[in-house]
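I have placed the structure first, in the form of structure tokens, so that the comments after it can refer back to it.
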Amino acid sequence: MPPFEIAGATDIGLVRKKNEDNFIICNRSCSLAAVADGIGGHAHGEIASMLCCRGIAERFISGDEFNSAEEAAESLQKWVGEVNSTIFERNKLERNPRPMGTTLCAAIFMDDVVISVNAGDSRLYKLENGTLRKLTRDHTVEQNGAHLLYRAVGITPKIKSDLQILPADAERYILMSDGIYNSLDEERIAWLLENASSPGSAVETIISHANQNGGVDNLTVIAAFRRS
């Protein structure tokens, strides 16, 4: 049985006309979780996030068990490169003047380590003493008060993603798209995560509160709780 119990949910929010977010949760002896947010303003962002999630999930499910954390990390980074190529080549084939792309935050949860990879501004946090600690770095620059992405999956022929092997020293983790943390501050998310009775109740409550706070973007969240 995987060491973490994981649940996720996505919601269109209250303003957007379509949901360009996607997420996956896959289990073997370890677990894979990922959030992808199709880039706003680009064509077919929902297709890019779907291709990204589906491509990584298929590779994880069909692959062999990992012999080490290093092997898992190498595989995860390779898969991201492959799905990047898939989306980039589709953009070339369709000659999209505004190429589709997606953010990605993915994590493999093993007993003693969490392996993360990210490109864009979807995030991974851990809950530590009632406080959220961000484990990933946003790939954004501020321009005229807006945060613009400078890295995403599918936009360029090669992708430079941030890869980390982290100690699994927390009992609860959370992945989210920017719609969540732009709707709720980290203190509120931490309180909801800490007081949830299960990962499923955590994601449902967080999305509900985000919508109550305006739901101005698509909302996607995954919660991982270590099994007792």
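Identifiers in this document derive from the order of the structure tokens: chains are assigned A, B, ..., residues are numbered from 1 separately in each chain, and ligands are numbered from 1 in order of occurrence.
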| Could you pull out the strand (DSSP E or B) residues of segment 15-226 of chain A from DSSP and send them as a ChimeraX atom specification? | /A:21-27,31-38,102,104-109,113-119,123-128,131-134,140-143,146-149,153,162-167,172-176,219-226
Skip Asp121 of chain A itself and residues of its chain fewer than 3 positions away, then list as a short mmCIF file (atom, residue, chain, number, x, y, z; two decimals) with N, CA and C atoms, in the first residue's frame all residues within 12 Å of it, counting only C-alpha atoms.
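Produced file around_23.cif, reproduced below:
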```cif
data_model
loop_
_atom_site.label_atom_id
_atom_site.label_comp_id
_atom_site.auth_asym_id
_atom_site.auth_seq_id
_atom_site.Cartn_x
_atom_site.Cartn_y
_atom_site.Cartn_z
N VAL A 35 -0.61 18.46 -10.83
CA VAL A 35 -1.55 19.53 -11.17
C VAL A 35 -0.98 20.26 -12.39
N ALA A 36 -1.83 20.47 -13.39
CA ALA A 36 -1.43 21.21 -14.59
C ALA A 36 -2.49 22.27 -14.88
N ASP A 37 -2.05 23.45 -15.19
CA ASP A 37 -2.93 24.60 -15.42
C ASP A 37 -2.64 25.13 -16.82
N GLY A 38 -3.57 24.86 -17.76
CA GLY A 38 -3.41 25.38 -19.11
C GLY A 38 -3.26 26.88 -19.08
N ILE A 39 -2.30 27.37 -19.83
CA ILE A 39 -1.91 28.78 -19.71
C ILE A 39 -3.04 29.69 -20.19
N THR A 102 1.17 24.64 -20.69
CA THR A 102 0.60 24.39 -19.37
C THR A 102 1.67 24.48 -18.29
N THR A 103 1.26 24.89 -17.13
CA THR A 103 2.12 24.75 -15.96
C THR A 103 2.10 23.28 -15.54
N LEU A 104 3.01 22.91 -14.68
CA LEU A 104 3.01 21.55 -14.12
C LEU A 104 3.67 21.57 -12.76
N CYS A 105 3.02 20.94 -11.80
CA CYS A 105 3.65 20.61 -10.52
C CYS A 105 3.31 19.16 -10.24
N ALA A 106 4.34 18.31 -10.22
CA ALA A 106 4.14 16.88 -10.02
C ALA A 106 5.01 16.41 -8.87
N VAL A 117 8.76 17.93 -9.33
CA VAL A 117 9.20 18.63 -10.53
C VAL A 117 8.16 19.69 -10.85
N ASN A 118 8.61 20.86 -11.25
CA ASN A 118 7.63 21.89 -11.58
C ASN A 118 8.16 22.82 -12.66
N LEU A 124 3.73 23.14 -4.83
CA LEU A 124 3.72 22.08 -3.83
C LEU A 124 4.10 22.68 -2.49
N LYS A 134 6.24 26.48 1.34
CA LYS A 134 6.28 26.27 -0.11
C LYS A 134 7.58 25.56 -0.48
N LEU A 135 7.45 24.50 -1.27
CA LEU A 135 8.60 23.68 -1.63
C LEU A 135 9.06 23.90 -3.07
N THR A 136 8.26 24.61 -3.85
CA THR A 136 8.60 24.86 -5.24
C THR A 136 8.79 26.35 -5.48
N ARG A 137 9.38 26.67 -6.61
CA ARG A 137 9.65 28.06 -6.98
C ARG A 137 8.82 28.43 -8.20
N ASP A 138 8.12 29.56 -8.12
CA ASP A 138 7.33 30.04 -9.26
C ASP A 138 8.26 30.54 -10.36
N HIS A 139 7.92 30.21 -11.59
CA HIS A 139 8.66 30.71 -12.75
C HIS A 139 7.88 31.87 -13.36
N THR A 140 7.87 33.00 -12.66
CA THR A 140 7.13 34.17 -13.08
C THR A 140 7.99 35.43 -12.91
N VAL A 141 7.64 36.45 -13.67
CA VAL A 141 8.22 37.77 -13.50
C VAL A 141 7.07 38.76 -13.37
N HIS A 147 1.82 38.93 -12.81
CA HIS A 147 2.86 37.91 -12.76
C HIS A 147 2.78 37.09 -14.04
N LEU A 148 3.82 37.21 -14.86
CA LEU A 148 3.84 36.55 -16.16
C LEU A 148 4.76 35.33 -16.11
N LEU A 149 4.30 34.23 -16.70
CA LEU A 149 5.10 33.02 -16.74
C LEU A 149 6.25 33.16 -17.71
N TYR A 150 7.42 32.70 -17.31
CA TYR A 150 8.53 32.62 -18.26
C TYR A 150 8.95 31.18 -18.53
N ARG A 151 8.24 30.22 -17.93
CA ARG A 151 8.54 28.82 -18.18
C ARG A 151 7.25 28.03 -18.10
N ALA A 152 7.03 27.12 -19.05
CA ALA A 152 5.84 26.28 -19.06
C ALA A 152 6.12 25.08 -19.96
N VAL A 153 5.27 24.08 -19.86
CA VAL A 153 5.42 22.86 -20.64
C VAL A 153 4.77 23.06 -22.01
N SER A 161 12.91 22.11 -16.18
CA SER A 161 12.03 22.03 -15.02
C SER A 161 12.88 21.91 -13.76
N ASP A 162 12.32 22.35 -12.65
CA ASP A 162 13.00 22.24 -11.35
C ASP A 162 12.73 20.86 -10.76
N LEU A 175 -0.76 20.10 -3.29
CA LEU A 175 -0.43 20.68 -4.59
C LEU A 175 -1.61 21.52 -5.03
N MET A 176 -1.35 22.62 -5.74
CA MET A 176 -2.46 23.48 -6.14
C MET A 176 -2.10 24.33 -7.35
N SER A 177 -3.14 24.68 -8.10
CA SER A 177 -2.99 25.67 -9.16
C SER A 177 -3.09 27.07 -8.57
N ASP A 178 -2.75 28.07 -9.37
CA ASP A 178 -2.71 29.43 -8.84
C ASP A 178 -4.09 29.95 -8.46
N GLY A 179 -5.15 29.35 -9.00
CA GLY A 179 -6.48 29.78 -8.62
C GLY A 179 -6.76 29.61 -7.13
N ILE A 180 -6.14 28.59 -6.53
CA ILE A 180 -6.33 28.37 -5.10
C ILE A 180 -5.62 29.43 -4.28
N TYR A 181 -4.31 29.59 -4.50
CA TYR A 181 -3.57 30.51 -3.62
C TYR A 181 -3.83 31.98 -3.96
N ASN A 182 -4.42 32.24 -5.12
CA ASN A 182 -4.86 33.61 -5.40
C ASN A 182 -6.22 33.92 -4.80
#
```
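Taking atom CA of Met50 of chain A and atom CA of Pro99 of chain A as endpoints, the distance between them is 14.9 Å.
Nearest to Phe109 of chain A of all the residues A:Cys52, A:Leu163, A:Cys26, A:Ala9 is A:Cys26, based on only C-alpha atoms.
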| Residue with smallest distance to Lys92 of chain A - pool A:Ala210, A:Cys53, A:Val216, A:Ile155, counting only C-alpha atoms | A:Ile155
Env of Asp11 of chain A: 8 Å cut, atoms = only C-alpha atoms, seq-sep filter 3 positions within chain, self excluded. Answer as a tab-separated table (two decimals) with C-alpha atoms, in the first residue's frame.
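After the write, selection10.tsv holds the following:
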```tsv
chain	number	residue	atom	x	y	z
A	19	ASN	CA	-11.76	24.72	-16.93
A	207	ILE	CA	-12.32	24.55	-3.19
A	218	ASN	CA	-10.08	27.60	-12.18
A	219	LEU	CA	-9.41	25.78	-8.91
A	220	THR	CA	-7.42	22.56	-8.56
```
| note | Computed gap from atom CA of Arg54 of chain A to atom CA of Asn96 of chain A is 21.3 Å
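What separates atom CA of Leu193 of chain A from atom CA of Val221 of chain A is a distance of 11.1 Å.
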| said: Please list as a ChimeraX atom specification every residue within 10 Å of Ser198 of chain A, counting only C-alpha atoms and excluding residues in the same chain fewer than 6 positions away. | reply: /A:5-7,223-225
| Those in segment 27-207 of chain A with alpha helix (DSSP H) from DSSP, as a PyMOL selection string | chain A and resi 45-62+69-94+178-181+186-195+199-207
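Nearest-residue note for Leu127 of chain A: choosing from A:Trp191, A:Phe66, A:Phe60, A:Trp79, the minimum distance belongs to A:Trp191, counting only C-alpha atoms.
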